[in-house]
Amino acid sequence: MLNNGKTRRWIVALGVIATGGICAGAVIAAQVRGPGIPQGLEAAIEAEPLVLVADLPARNGQAKRGVFVQPTSAGFVCLWDAPSASSPARQGGCNPSNDPFAGRELFVNFVYDGGPAVSDVRDARLSGLVSQAVARAQVVMSDGTQRSLVLRGASVGGKSYRGFGYRLGRTDLQMGVGPIAVVALDESGAEIDRQTTGFNG
Amino acid sequence: MKRLAAVAALMLVALAISASASAAIVTYGGYSWPAGQAYSTSYSPYWWRNVFSKMATFDTTVTFIDNVSYSWHFTLRSHATFLSIHWHSSQTKKAHCRANQGSSAWAACAASS
């Protein structure tokens, strides 16, 4: 059996080793997050205001939602599909403020519940922002039809945004019809951007 | 006794720092992104946020998958450089992310609990 002095030295040594290991683990964990998960963005998303830019009407037994834009102090513009401006139950994406369309003319989010099989999808919604070059936007459906999107404007922090919201109808979902792409057109009607949704019903 | 108390206090502080740094957010995918590459967490009732962070824009999906019907919930598909979805529920689920097109850019998925 160790005497009192040796016991204390062992405890001190184990404590130092354990502390070092725990600290190293924390540092590694922080590095694993990588350079692309901006800590400031997460805090800004939680704290900073959202502004309504378009509606997602109640449909399919689902409550009304909104399309919100959120310019953040972290240098990103976020686009959310959410029940309200204060709801934490939001789904969306962000792009850098200096390139909110990431080199394109459309910033589109496609959100759905159910699936992954198309026949199991209960609710599906498109939300988006369009650049100044876009005169009109439309949804190309899997049955070959096209649905025009209503573009609405909002001014946030001195900047103007135009956006849209589109919620699929129950009939479309039951028939397996869904959006395969959102298309942006210029004043002449020429297609200037197309973002596919992956929906292949 | 003073030394023992100091060591104990230091360990408690380190444990607290470690917990806050690593337990709240878990990176579960971020190694390579050929088209169709997907990653998932384990199932847990505690996941509430799922994010996909990218250094470049490419087509990706994030979702939650429950462990009963294996249905997808709050699925988001977007080219945005940062995707985030939320499911505030105690239902057991896993976070899942997928690259719908390949990219050589740095990207990672992370889930919050």
# chains A, B, ... in the order shown; residues from 1 in each chain; ligands from 1
$ residues_around --residues "Val182 in chain A" --least-positions-apart "3" --cutoff "7 Å" --atoms "only C-alpha atoms" --output "PyMOL selection string"
chain A and resi 138-140+194-196
$ interface_residues --of "chain B" --to "chain A" --cutoff "6 Å" --atoms "only C-alpha atoms" --output "ChimeraX atom specification"
/B:11,18,21-22,53,55,71-78,80-86
$ select_by_dssp --residues "range 8-101 of chain B" --states "helix (DSSP H, G or I)" --output "NGL selection string"
:B and (8-23)
$ closest_residue --among "B:Ala111, B:Ser44, B:Thr61, B:Ala105" --to "Gln91 in chain B" --atoms "only C-alpha atoms"
B:Ser44
$ closest_residue --among "A:Asp172, A:Glu187, A:Glu105, A:Asp55" --to "Leu149 in chain A" --atoms "only C-alpha atoms"
A:Asp55
$ residues_around --residues "Val69 in chain A" --least-positions-apart "4" --cutoff "9 Å" --atoms "only C-alpha atoms" --output "ChimeraX atom specification"
/A:49-53,77-80,129,154,156,161,163
$ residues_around --residues "Ala110 in chain B" --least-positions-apart "6" --cutoff "6 Å" --atoms "only C-alpha atoms" --output "ChimeraX atom specification"
/B:26-28,50-51
